[in-house]
$ cat entry_10.txt   # compact mmCIF, C-alpha atoms
# COMPACT_ATOMS: atom_id res chain seq x y z
CA GLU A 1 205.69 22.84 -17.21
CA ASP A 2 204.70 22.08 -13.64
CA ASP A 3 204.64 18.34 -14.43
CA VAL A 4 208.19 18.48 -15.74
CA GLU A 5 209.26 20.28 -12.58
CA GLU A 6 207.48 17.71 -10.44
CA GLU A 7 209.43 14.98 -12.26
CA ASP A 8 212.66 16.90 -11.63
CA VAL A 9 211.85 17.05 -7.93
CA GLU A 10 211.06 13.32 -7.83
CA GLU A 11 214.46 12.68 -9.44
CA LEU A 12 216.17 14.85 -6.81
CA LEU A 13 214.44 12.80 -4.12
CA GLY A 14 215.62 9.49 -5.61
CA PRO A 15 217.68 7.05 -3.53
CA SER A 16 220.65 8.79 -1.95
CA PRO A 17 224.16 7.41 -2.51
CA LEU A 18 224.80 8.28 1.14
CA ALA A 19 221.80 6.45 2.54
CA VAL A 20 222.91 4.01 5.23
CA GLY A 21 220.26 1.55 4.11
CA PRO A 22 217.24 0.20 6.00
CA GLY A 23 218.91 -2.87 7.53
CA ALA A 24 219.82 -3.46 11.16
CA GLN A 25 223.10 -2.07 12.48
CA ARG A 26 225.10 -3.25 15.49
CA VAL A 27 227.08 -0.24 16.60
CA ALA A 28 229.98 0.62 18.92
CA VAL A 29 229.73 4.24 20.09
CA VAL A 30 233.17 5.81 20.55
CA HIS A 31 233.51 9.23 22.18
CA PRO A 32 236.83 11.11 21.94
CA ALA A 33 237.00 12.89 25.31
CA VAL A 34 239.03 16.08 25.06
CA LYS A 35 240.53 16.47 28.52
CA TRP A 36 241.97 19.97 28.10
CA GLY A 37 242.50 22.79 25.61
CA PRO A 38 240.10 24.91 23.51
CA LYS A 39 238.17 21.89 22.19
CA LYS A 40 236.94 20.93 25.67
CA SER A 41 233.35 21.99 26.40
CA PRO A 42 232.97 23.57 29.86
CA LEU A 43 229.23 22.85 30.07
CA THR A 44 229.21 19.09 29.79
CA THR A 45 231.00 15.83 30.59
CA ALA A 46 232.14 12.92 28.41
CA GLU A 47 229.54 10.67 30.10
CA LEU A 48 226.67 13.00 29.15
CA GLN A 49 228.02 13.44 25.62
CA ILE A 50 228.20 9.69 25.05
CA ALA A 51 224.70 9.31 26.55
CA GLU A 52 223.36 11.70 23.90
CA ALA A 53 225.25 9.77 21.19
CA VAL A 54 223.62 6.53 22.43
CA ALA A 55 220.21 8.28 22.40
CA LEU A 56 220.77 9.20 18.75
CA ILE A 57 221.45 5.57 17.85
CA ASP A 58 218.44 4.38 19.92
CA THR A 59 216.25 6.66 17.82
CA LEU A 60 216.91 4.53 14.74
CA PRO A 61 214.76 1.44 14.13
CA ASN A 62 216.81 -1.82 14.19
CA TRP A 63 220.00 -0.13 15.39
CA THR A 64 221.58 -1.57 18.56
CA VAL A 65 224.42 -0.23 20.67
CA LEU A 66 226.86 -3.08 21.43
CA ASP A 67 229.31 -1.03 23.45
CA LYS A 68 230.07 2.56 24.41
CA ILE A 69 233.68 3.56 24.76
CA ILE A 70 235.17 6.84 26.03
CA ILE A 71 238.78 7.38 24.96
CA PRO A 72 240.80 10.49 25.91
CA THR A 73 242.45 12.51 23.16
CA LYS A 74 244.39 15.77 22.96
CA ASN A 75 243.51 16.58 19.39
CA PRO A 76 240.36 15.05 17.83
CA ASP A 77 241.27 16.61 14.44
CA LYS A 78 244.20 14.25 13.85
CA LYS A 79 243.94 11.64 11.09
CA PHE A 80 243.42 8.78 13.56
CA VAL A 81 241.72 11.04 16.15
CA PHE A 82 243.50 9.32 19.08
CA GLY A 83 247.14 8.90 20.13
CA LYS A 84 248.97 5.77 18.94
CA GLY A 85 248.62 3.68 22.14
CA ASN A 86 244.96 4.56 22.68
CA PHE A 87 244.17 3.90 19.03
CA GLN A 88 245.74 0.44 19.22
CA ALA A 89 243.82 -0.46 22.41
CA LEU A 90 240.58 0.85 20.87
CA THR A 91 241.13 -1.18 17.66
CA GLU A 92 241.65 -4.38 19.68
CA LYS A 93 238.46 -3.70 21.65
CA ILE A 94 236.43 -3.03 18.46
CA LYS A 95 237.75 -6.18 16.75
CA LYS A 96 236.52 -8.31 19.68
CA LEU A 97 232.88 -7.11 19.50
CA PRO A 98 230.61 -9.85 18.10
CA HIS A 99 228.90 -9.21 14.73
CA LEU A 100 229.74 -5.48 14.80
CA THR A 101 228.58 -3.68 11.63
CA ALA A 102 229.53 -0.03 12.35
CA VAL A 103 231.29 2.43 14.65
CA PHE A 104 229.71 5.77 15.56
CA LEU A 105 232.56 8.19 16.26
CA ASN A 106 230.95 11.01 18.23
CA VAL A 107 232.56 13.94 16.41
CA GLU A 108 230.76 16.58 14.38
CA ARG A 109 232.36 15.74 11.03
CA MET A 110 235.24 13.45 9.96
CA SER A 111 237.36 14.22 6.94
CA SER A 112 236.97 11.66 4.14
CA LEU A 113 240.62 10.68 4.73
CA THR A 114 239.99 9.96 8.45
CA LYS A 115 236.87 7.98 7.54
CA LYS A 116 238.80 5.84 5.04
CA GLU A 117 241.73 5.21 7.44
CA LEU A 118 239.40 4.22 10.32
CA GLU A 119 237.25 1.96 8.12
CA ASP A 120 240.40 0.24 6.83
CA ALA A 121 241.72 -0.21 10.38
CA TRP A 122 238.44 -1.48 11.88
CA GLY A 123 236.94 -3.31 8.90
CA VAL A 124 233.45 -1.79 9.40
CA LYS A 125 231.59 1.39 8.40
CA VAL A 126 232.40 4.49 10.48
CA PHE A 127 229.79 7.24 10.94
CA ASP A 128 230.11 10.73 12.45
CA ARG A 129 227.32 12.89 13.96
CA TYR A 130 226.59 14.51 10.60
CA THR A 131 225.92 11.13 8.95
CA VAL A 132 223.89 9.74 11.87
CA VAL A 133 221.73 12.87 12.28
CA LEU A 134 221.22 13.00 8.52
CA HIS A 135 220.11 9.36 8.59
CA ILE A 136 217.64 10.09 11.42
CA PHE A 137 216.33 13.03 9.38
CA ARG A 138 215.98 10.73 6.36
CA CYS A 139 213.97 8.20 8.41
CA ASN A 140 211.68 10.93 9.80
CA ALA A 141 211.16 13.13 6.73
CA ARG A 142 207.55 13.06 5.61
CA THR A 143 207.08 16.05 3.32
CA LYS A 144 208.74 16.94 0.05
CA GLU A 145 210.31 19.99 1.67
CA ALA A 146 212.02 18.03 4.46
CA LYS A 147 213.31 15.50 1.90
CA LEU A 148 214.71 18.29 -0.30
CA GLN A 149 216.40 19.89 2.71
CA ILE A 150 218.08 16.57 3.47
CA ALA A 151 219.24 16.23 -0.15
CA LEU A 152 220.73 19.74 0.18
CA ALA A 153 222.50 18.83 3.43
CA GLU A 154 224.08 15.83 1.67
CA ILE A 155 225.87 17.91 -0.97
CA PRO A 156 228.93 18.80 1.22
CA LEU A 157 229.34 15.09 2.07
CA LEU A 158 229.11 14.08 -1.60
CA ARG A 159 231.78 16.70 -2.40
CA SER A 160 234.22 15.42 0.19
CA ASN A 161 233.57 11.78 -0.88
CA LEU A 162 234.33 12.82 -4.46
CA LYS A 163 237.72 14.28 -3.47
CA ASN A 164 238.54 10.99 -1.77
CA GLU A 165 237.50 8.92 -4.80
CA VAL A 166 239.56 11.06 -7.16
CA SER A 167 242.69 10.91 -5.00
CA GLN A 168 242.33 7.11 -4.88
CA LEU A 169 241.93 6.92 -8.68
CA ASP A 170 244.98 9.11 -9.15
CA GLN A 171 247.03 6.91 -6.83
CA GLN A 172 245.96 3.82 -8.76
CA ARG A 173 246.41 5.16 -12.28
CA GLY A 174 248.71 8.16 -11.93
CA GLY A 175 247.48 11.57 -13.05
CA SER A 176 243.94 12.73 -13.74
CA ARG A 177 241.89 11.16 -16.53
CA TYR A 178 239.96 13.07 -19.17
CA ILE A 179 236.58 11.75 -20.21
CA MET A 180 236.11 10.86 -23.88
CA GLY A 181 238.47 13.62 -24.97
CA SER A 182 236.04 16.30 -23.75
CA GLY A 183 238.84 18.14 -21.98
CA GLU A 184 236.93 17.83 -18.68
CA THR A 185 238.43 15.74 -15.89
CA PHE A 186 236.35 13.20 -13.96
CA MET A 187 236.55 15.54 -10.95
CA GLU A 188 235.30 18.53 -12.97
CA THR A 189 232.42 16.56 -14.47
CA GLN A 190 231.27 15.23 -11.09
CA ASN A 191 231.61 18.67 -9.48
CA ARG A 192 229.52 20.21 -12.25
CA ILE A 193 226.81 17.53 -11.79
CA LEU A 194 226.78 18.23 -8.04
CA LYS A 195 226.56 21.99 -8.63
CA GLU A 196 223.60 21.51 -10.99
CA LYS A 197 221.89 19.23 -8.47
CA GLU A 198 222.40 21.77 -5.68
CA LEU A 199 220.94 24.53 -7.85
CA LYS A 200 217.88 22.42 -8.72
CA ILE A 201 217.28 21.61 -5.01
CA ARG A 202 217.62 25.28 -4.02
CA ASN A 203 215.16 26.29 -6.78
CA ALA A 204 212.64 23.64 -5.73
CA LEU A 205 212.94 24.78 -2.10
CA GLU A 206 212.52 28.41 -3.13
CA LYS A 207 209.32 27.48 -4.99
CA LEU A 208 207.96 25.77 -1.85
CA ARG A 209 209.03 28.79 0.23
CA ARG A 210 207.05 31.14 -2.01
CA LYS A 211 204.01 28.88 -1.74
CA ARG A 212 204.34 28.94 2.06
CA SER A 213 204.72 32.69 2.12
CA LEU A 214 201.44 32.95 0.16
CA LEU A 215 199.71 30.77 2.78
CA ARG A 216 201.26 32.96 5.46
CA THR A 217 199.82 36.10 3.86
CA GLN A 218 196.36 34.53 3.83
CA ARG A 219 196.76 33.59 7.49
CA ARG A 220 197.91 37.13 8.29
CA LYS A 221 194.74 38.51 6.68
CA ARG A 222 192.67 36.51 9.13
CA GLU A 223 194.92 37.83 11.89
CA PHE A 224 195.52 34.57 13.73
CA PRO A 225 198.41 35.11 16.16
CA ILE A 226 201.21 32.59 15.59
CA ILE A 227 203.14 31.03 18.47
CA SER A 228 206.32 29.08 17.67
CA VAL A 229 207.09 26.33 20.16
CA MET A 230 210.81 25.62 20.23
CA GLY A 231 213.31 23.67 22.28
CA TYR A 232 216.05 21.08 22.42
CA THR A 233 215.12 17.83 20.74
CA ASN A 234 212.88 15.58 22.88
CA CYS A 235 212.05 18.32 25.43
CA GLY A 236 208.28 17.75 25.11
CA LYS A 237 207.20 20.35 22.49
CA THR A 238 204.67 18.12 20.74
CA THR A 239 203.21 16.91 24.07
CA LEU A 240 202.80 20.54 25.14
CA ILE A 241 201.06 21.52 21.88
CA LYS A 242 198.75 18.52 22.24
CA ALA A 243 197.90 19.66 25.80
CA LEU A 244 197.32 23.28 24.73
CA THR A 245 195.17 22.46 21.71
CA GLY A 246 193.48 19.21 22.77
CA GLU A 247 194.37 17.85 19.33
CA ALA A 248 193.93 14.10 19.73
CA GLY A 249 195.66 13.26 16.45
CA LEU A 250 199.03 14.51 17.71
CA GLN A 251 201.18 11.55 18.72
CA PRO A 252 204.30 12.69 20.58
CA ARG A 253 207.21 10.24 20.24
CA ASP A 254 209.90 9.80 22.84
CA GLN A 255 212.77 10.16 20.41
CA LEU A 256 215.17 12.69 18.98
CA PHE A 257 214.05 14.60 15.88
CA ALA A 258 210.54 13.14 15.79
CA THR A 259 209.40 16.49 14.30
CA LEU A 260 211.22 17.59 11.14
CA ASP A 261 208.52 19.52 9.36
CA ILE A 262 206.80 22.63 10.59
CA THR A 263 203.28 21.66 11.63
CA ALA A 264 200.58 24.13 12.63
CA HIS A 265 197.84 23.44 15.20
CA ALA A 266 194.92 25.66 16.18
CA GLY A 267 194.14 26.33 19.83
CA TYR A 268 192.28 28.80 22.06
CA LEU A 269 193.50 31.10 24.80
CA PRO A 270 191.46 31.81 28.00
CA SER A 271 189.66 34.72 26.30
CA ARG A 272 188.60 32.32 23.50
CA MET A 273 191.02 34.00 21.09
CA ALA A 274 192.04 31.54 18.36
CA VAL A 275 195.80 31.13 17.88
CA ILE A 276 198.08 28.88 15.83
CA TYR A 277 200.80 26.88 17.57
CA VAL A 278 203.71 25.94 15.32
CA ASP A 279 205.76 22.84 16.17
CA THR A 280 209.38 23.15 15.01
CA ILE A 281 212.44 20.92 14.54
CA GLY A 282 214.33 20.24 17.78
CA PHE A 283 217.89 21.42 18.36
CA LEU A 284 221.02 19.47 19.21
CA THR A 285 224.49 20.53 20.40
CA ASP A 286 227.20 20.31 17.75
CA LEU A 287 224.57 20.02 15.05
CA PRO A 288 226.78 20.65 12.02
CA HIS A 289 226.37 24.18 10.72
CA ASN A 290 225.29 23.38 7.16
CA LEU A 291 222.80 20.84 8.48
CA VAL A 292 221.10 23.66 10.39
CA GLU A 293 221.42 25.82 7.29
CA SER A 294 219.59 23.31 5.10
CA PHE A 295 216.73 23.43 7.59
CA SER A 296 216.70 27.22 7.81
CA ALA A 297 213.74 27.26 5.42
CA THR A 298 211.78 25.29 8.02
CA LEU A 299 212.94 27.63 10.77
CA GLU A 300 212.14 30.70 8.67
CA GLU A 301 208.54 30.36 9.82
CA VAL A 302 209.69 31.37 13.31
CA VAL A 303 210.67 34.85 12.08
CA TYR A 304 207.01 35.49 11.26
CA SER A 305 205.59 34.37 14.58
CA ASP A 306 204.16 36.73 17.19
CA LEU A 307 205.65 34.87 20.15
CA ILE A 308 208.20 32.14 20.89
CA VAL A 309 207.65 29.61 23.65
CA HIS A 310 210.96 27.96 24.61
CA VAL A 311 210.33 24.55 26.20
CA ARG A 312 213.04 23.04 28.42
CA ASP A 313 213.25 19.52 29.81
CA ILE A 314 214.21 20.69 33.28
CA THR A 315 214.99 17.12 34.42
CA HIS A 316 217.81 16.73 31.90
CA PRO A 317 221.30 16.89 33.46
CA GLU A 318 222.44 19.16 30.60
CA THR A 319 219.44 21.50 30.64
CA VAL A 320 221.71 24.58 30.92
CA LEU A 321 223.78 23.55 27.88
CA GLN A 322 220.58 22.75 25.99
CA LYS A 323 219.22 26.23 26.71
CA ALA A 324 222.49 27.80 25.50
CA THR A 325 222.28 25.72 22.27
CA VAL A 326 218.70 26.80 21.51
CA LEU A 327 219.42 30.47 22.23
CA SER A 328 222.52 30.48 20.04
CA VAL A 329 220.57 28.98 17.09
CA LEU A 330 217.78 31.54 17.61
CA LYS A 331 220.33 34.40 17.62
CA ASN A 332 221.75 33.11 14.31
CA LEU A 333 218.27 33.19 12.74
CA ASN A 334 218.38 37.00 12.81
CA LEU A 335 215.04 37.19 14.59
CA PRO A 336 213.59 40.62 15.36
CA SER A 337 214.78 41.62 18.84
CA HIS A 338 211.21 41.97 20.22
CA LEU A 339 210.70 38.23 19.58
CA LEU A 340 213.79 37.31 21.60
CA ASP A 341 212.89 39.77 24.37
CA SER A 342 209.29 38.58 24.78
CA MET A 343 210.10 34.85 24.69
CA VAL A 344 208.24 32.70 27.25
CA GLU A 345 210.47 30.12 28.94
CA VAL A 346 208.79 26.95 30.13
CA HIS A 347 210.29 24.40 32.54
CA ASN A 348 208.65 21.13 31.47
CA LYS A 349 208.49 17.74 33.27
CA VAL A 350 208.50 19.26 36.79
CA ASP A 351 206.33 16.29 37.84
CA LEU A 352 209.52 14.20 37.67
CA ILE A 353 211.38 16.37 40.19
CA GLU A 354 210.69 15.74 43.85
CA ARG A 355 211.12 19.26 45.19
CA TYR A 356 211.18 21.51 42.16
CA LYS A 357 212.51 24.98 42.92
CA PRO A 358 212.41 27.54 40.10
CA THR A 359 215.98 28.42 39.17
CA GLU A 360 215.04 31.30 36.88
CA GLU A 361 212.81 34.18 37.76
CA ASN A 362 210.44 34.32 34.79
CA ALA A 363 210.30 30.63 33.87
CA LEU A 364 206.91 28.90 34.12
CA PRO A 365 206.94 25.41 35.70
CA ILE A 366 204.64 22.94 33.90
CA SER A 367 204.00 19.29 33.24
CA ALA A 368 202.70 19.02 29.67
CA LEU A 369 201.88 15.36 30.27
CA HIS A 370 199.75 15.91 33.40
CA GLY A 371 198.41 19.39 32.57
CA TYR A 372 200.04 21.08 35.57
CA GLY A 373 200.66 24.83 35.11
CA LEU A 374 198.95 25.04 31.70
CA GLN A 375 196.36 27.61 32.76
CA GLU A 376 199.09 30.00 33.96
CA LEU A 377 201.01 29.38 30.73
CA LYS A 378 197.95 30.17 28.58
CA GLU A 379 197.36 33.39 30.54
CA GLU A 380 201.00 34.43 30.08
CA ILE A 381 200.80 33.64 26.34
CA GLU A 382 197.60 35.69 26.04
CA LYS A 383 199.13 38.69 27.82
CA LYS A 384 202.17 38.63 25.52
CA ILE A 385 200.07 38.05 22.37
CA LEU A 386 197.86 41.07 23.10
CA THR A 387 201.00 43.21 23.48
CA ALA A 388 202.74 41.74 20.40
CA THR A 389 199.77 41.97 18.03
CA GLY A 390 198.25 45.22 19.28
CA LYS A 391 194.91 43.45 19.69
CA LYS A 392 192.46 45.09 22.07
CA ILE A 393 189.85 43.67 24.40
CA LEU A 394 186.89 46.07 24.47
CA THR A 395 183.10 46.26 24.78
CA VAL A 396 180.88 47.77 22.07
CA ASN A 397 177.20 48.59 22.01
CA VAL A 398 175.50 47.14 18.91
CA ASN A 399 172.07 47.52 17.36
CA LEU A 400 170.65 44.00 16.99
CA GLU A 401 168.72 44.93 13.85
CA GLY A 402 171.85 45.87 11.93
CA SER A 403 174.78 43.77 10.67
CA GLN A 404 177.19 44.80 13.45
CA LEU A 405 177.00 41.57 15.45
CA SER A 406 177.50 39.25 12.45
CA TRP A 407 180.38 41.50 11.27
CA LEU A 408 182.07 41.22 14.67
CA TYR A 409 181.65 37.43 14.70
CA LYS A 410 183.36 37.30 11.31
CA GLU A 411 186.16 39.83 11.84
CA ALA A 412 186.94 39.64 15.58
CA THR A 413 186.71 37.24 18.54
CA VAL A 414 183.38 37.70 20.28
CA GLN A 415 183.68 36.76 23.95
CA GLU A 416 180.37 37.73 25.53
CA VAL A 417 177.01 39.05 24.30
CA GLU A 418 174.69 40.67 26.80
CA VAL A 419 171.32 41.41 25.16
CA ILE A 420 169.34 44.43 26.36
CA PRO A 421 165.82 43.50 25.08
CA GLU A 422 164.06 46.78 25.96
CA ASP A 423 166.02 48.84 23.42
CA GLY A 424 167.01 46.12 20.91
CA THR A 425 170.74 46.42 21.59
CA ALA A 426 173.50 44.26 23.02
CA ARG A 427 176.77 44.87 24.82
CA VAL A 428 179.40 42.77 23.11
CA LYS A 429 182.84 42.05 24.54
CA VAL A 430 185.35 41.45 21.72
CA ILE A 431 189.04 40.95 21.00
CA ILE A 432 189.84 42.90 17.86
CA GLY A 433 192.96 43.64 15.84
CA ASN A 434 194.01 47.18 14.93
CA SER A 435 193.03 47.06 11.26
CA ALA A 436 189.66 45.39 11.98
CA PHE A 437 189.00 48.01 14.69
CA GLY A 438 189.67 50.78 12.18
CA ARG A 439 187.25 49.20 9.67
CA TYR A 440 184.61 48.76 12.40
CA LYS A 441 184.73 52.47 13.30
CA ASN A 442 184.39 53.45 9.63
CA LEU A 443 181.47 51.11 9.00
CA PHE A 444 179.61 51.81 12.24
CA PRO A 445 180.54 55.38 13.24
CA ASN A 446 177.65 55.68 15.72
CA SER A 447 178.54 52.57 17.72
CA LYS A 448 179.36 53.21 21.40
CA ILE A 449 182.78 51.80 22.37
CA PHE A 450 183.83 51.14 25.98
CA MET A 451 187.53 50.66 26.62
CA PRO A 452 188.35 48.66 29.77
$ encode --input "entry_10.txt" --output "C-alpha cells"
Amino acid sequence: EDDVEEEDVEELLGPSPLAVGPGAQRVAVVHPAVKWGPKKSPLTTAELQIAEAVALIDTLPNWTVLDKIIIPTKNPDKKFVFGKGNFQALTEKIKKLPHLTAVFLNVERMSSLTKKELEDAWGVKVFDRYTVVLHIFRCNARTKEAKLQIALAEIPLLRSNLKNEVSQLDQQRGGSRYIMGSGETFMETQNRILKEKELKIRNALEKLRRKRSLLRTQRRKREFPIISVMGYTNCGKTTLIKALTGEAGLQPRDQLFATLDITAHAGYLPSRMAVIYVDTIGFLTDLPHNLVESFSATLEEVVYSDLIVHVRDITHPETVLQKATVLSVLKNLNLPSHLLDSMVEVHNKVDLIERYKPTEENALPISALHGYGLQELKEEIEKKILTATGKKILTVNVNLEGSQLSWLYKEATVQEVEVIPEDGTARVKVIIGNSAFGRYKNLFPNSKIFMP
C-alpha cells in the first residue's frame, strides 16, 4: 500500500504546467509605484521595492535584468495596471529592449485577464511576485515535503488559468461544451481533477506531518531544547547557525529563499547543554497569503520550539519594514504568547556599520560572519532556555560505587565532576529537566542535592 502511495506522490511531483522552464530569461522589472491612497506603503519607497524585485530575479540561475522601470499608478488593480498614457510609454520602452523574454510586474498577484492582456500587448511572458517566488521555491526545493508544498501553492494559479482558458474557448465556440455526453462541462471536469489533486497533496503532506510529529515526540523524550532561528530572507540565519554550532557542512548562500526546508542542527550552550537550532524559511513582504499557507507545515515546527531567535540584517535600508513583516507572520502562526514574549532579537552584520548604535533596548548586536557578540548571544539564549524549559542547574553528591554518575550522564547534562577520593564520592554539577529530576530523586532518595 505504501508503494502505491509513493507512486501517487511521485505523480503529484511530476512536471508542473506552471513551471517557467530551466532556460535563461532576459527580464524587464516593472514596478507600479502607488503615489497616494490606501495601497501606498508608508514604510518603504518605490526604489527599495524595485531593488527587492531585482534581488528576486538575481536569485535565479541564468536570469538577467535588462532594465528596471518605475511607473506611477493610481490603481494597480486595473486591467492594464497603469493609466493610458503611462501604459503606452511603457509598452514602447519594453518593445525597444533587445532580446527581451519576459516582464516581471512587481505586484503580488495579477488576474489571469490582466496577464493575458499584458502578454498580448508586450509579446512576451509576464510574471507577478507569486509566479517568481514560486519559481525560486521550485529551484530551491530539495525534500519531498517542500516540493509538495509548492504543488499545493500552485493550485490557485491553475484554477485562475482554467477560468481564462474556458472563457477563451467559449468566445471561440459559443457556449460551454459537454464532454462525450457525460453531462459534465470541460470546466467542471478540470475543476474536479484539480480538487482531487489538491486533496491528494494535502493527504501526502498530512502523512509527512504525522511522521515529523513522531520524530518530535522522540526528541522531546530526550529533552533537547529547540531554538527556532527566524528572519527576513537573506538576513544571515544560516551563517548564524553555522557560527553557533560550528557545523562545517552548512553552506550559507547569499540569495533569497536559500532555505526552504526546516533543517535541524545540534549545538552547545556555555554550560555545555546540548540544544537544537532549527533553520526556517525566510520571510518576504507581500508574500502572497496562500503561498505562506502552503508553507505553514514547515513553519509549524516553530510552535513547538522553546525559544525564537529573530535575526535582522541591521544594514538593510528597510530593516524596520522587514521586522514588521516577520512579526506579522509570527502573529498569524498562533504561537503561544510566551514564545513571542521571550523572543531574542539579534542585530546582525554590525561589522558593516561604521558607528553602530543600538536602536532597540534589548537587541543583541552581532556579526555572525566574524563571530562578534556570539558569546553574549549564547549566554542570553541559555538564560531564556533555562526559564522556558524549567531545567535546573544544581550540584548533587553521588556515591562512585553506584550507578548514579552513569545515570546522570545519560539523563542530564553533566558539567563538572569533582571526585572526593577519601570517601568514594563525587560532587557533580548538572543541568537537569524537571521530569528527569523527579526520576533521580525516586531512584536515589539518599543523594544529597545542593541548589545554587
$ closest_residue --input "entry_10.txt" --among "A:Ile155, A:Val350, A:Ile227, A:Val398" --to "Lys195 in chain A" --atoms "all atoms listed in the file"
A:Ile155
$ residues_around --input "entry_10.txt" --residues "range 125-140 of chain A" --least-positions-apart "4" --cutoff "6 Å" --atoms "all atoms listed in the file" --output "list in words"
Ala102, Val103, Phe104, Leu105, Asn106, Val107, Glu108, Arg109 and Glu119 of chain A
$ residues_near_point --input "entry_10.txt" --point "(221.9, 21.8, -3.4)" --cutoff "10 Å" --atoms "all atoms listed in the file" --output "MDAnalysis selection string"
chainID A and resid 12 148:156 194:205 294
$ write_last_selection --input "entry_10.txt" --atoms "C-alpha atoms" --output "mmCIF file, in the coordinates of the input"
data_model
loop_
_atom_site.group_PDB
_atom_site.id
_atom_site.type_symbol
_atom_site.label_atom_id
_atom_site.label_comp_id
_atom_site.auth_asym_id
_atom_site.auth_seq_id
_atom_site.Cartn_x
_atom_site.Cartn_y
_atom_site.Cartn_z
ATOM 1 C CA LEU A 12 216.170 14.850 -6.810
ATOM 2 C CA LEU A 148 214.710 18.290 -0.300
ATOM 3 C CA GLN A 149 216.400 19.890 2.710
ATOM 4 C CA ILE A 150 218.080 16.570 3.470
ATOM 5 C CA ALA A 151 219.240 16.230 -0.150
ATOM 6 C CA LEU A 152 220.730 19.740 0.180
ATOM 7 C CA ALA A 153 222.500 18.830 3.430
ATOM 8 C CA GLU A 154 224.080 15.830 1.670
ATOM 9 C CA ILE A 155 225.870 17.910 -0.970
ATOM 10 C CA PRO A 156 228.930 18.800 1.220
ATOM 11 C CA LEU A 194 226.780 18.230 -8.040
ATOM 12 C CA LYS A 195 226.560 21.990 -8.630
ATOM 13 C CA GLU A 196 223.600 21.510 -10.990
ATOM 14 C CA LYS A 197 221.890 19.230 -8.470
ATOM 15 C CA GLU A 198 222.400 21.770 -5.680
ATOM 16 C CA LEU A 199 220.940 24.530 -7.850
ATOM 17 C CA LYS A 200 217.880 22.420 -8.720
ATOM 18 C CA ILE A 201 217.280 21.610 -5.010
ATOM 19 C CA ARG A 202 217.620 25.280 -4.020
ATOM 20 C CA ASN A 203 215.160 26.290 -6.780
ATOM 21 C CA ALA A 204 212.640 23.640 -5.730
ATOM 22 C CA LEU A 205 212.940 24.780 -2.100
ATOM 23 C CA SER A 294 219.590 23.310 5.100
#
$ closest_residue --input "entry_10.txt" --among "A:Val65, A:Leu158, A:Leu269, A:Ala33" --to "Leu374 in chain A" --atoms "all atoms listed in the file"
A:Leu269
$ atom_distance --input "entry_10.txt" --atom1 "CA of Leu118 in chain A" --atom2 "CA of Thr59 in chain A"
24.5 Å
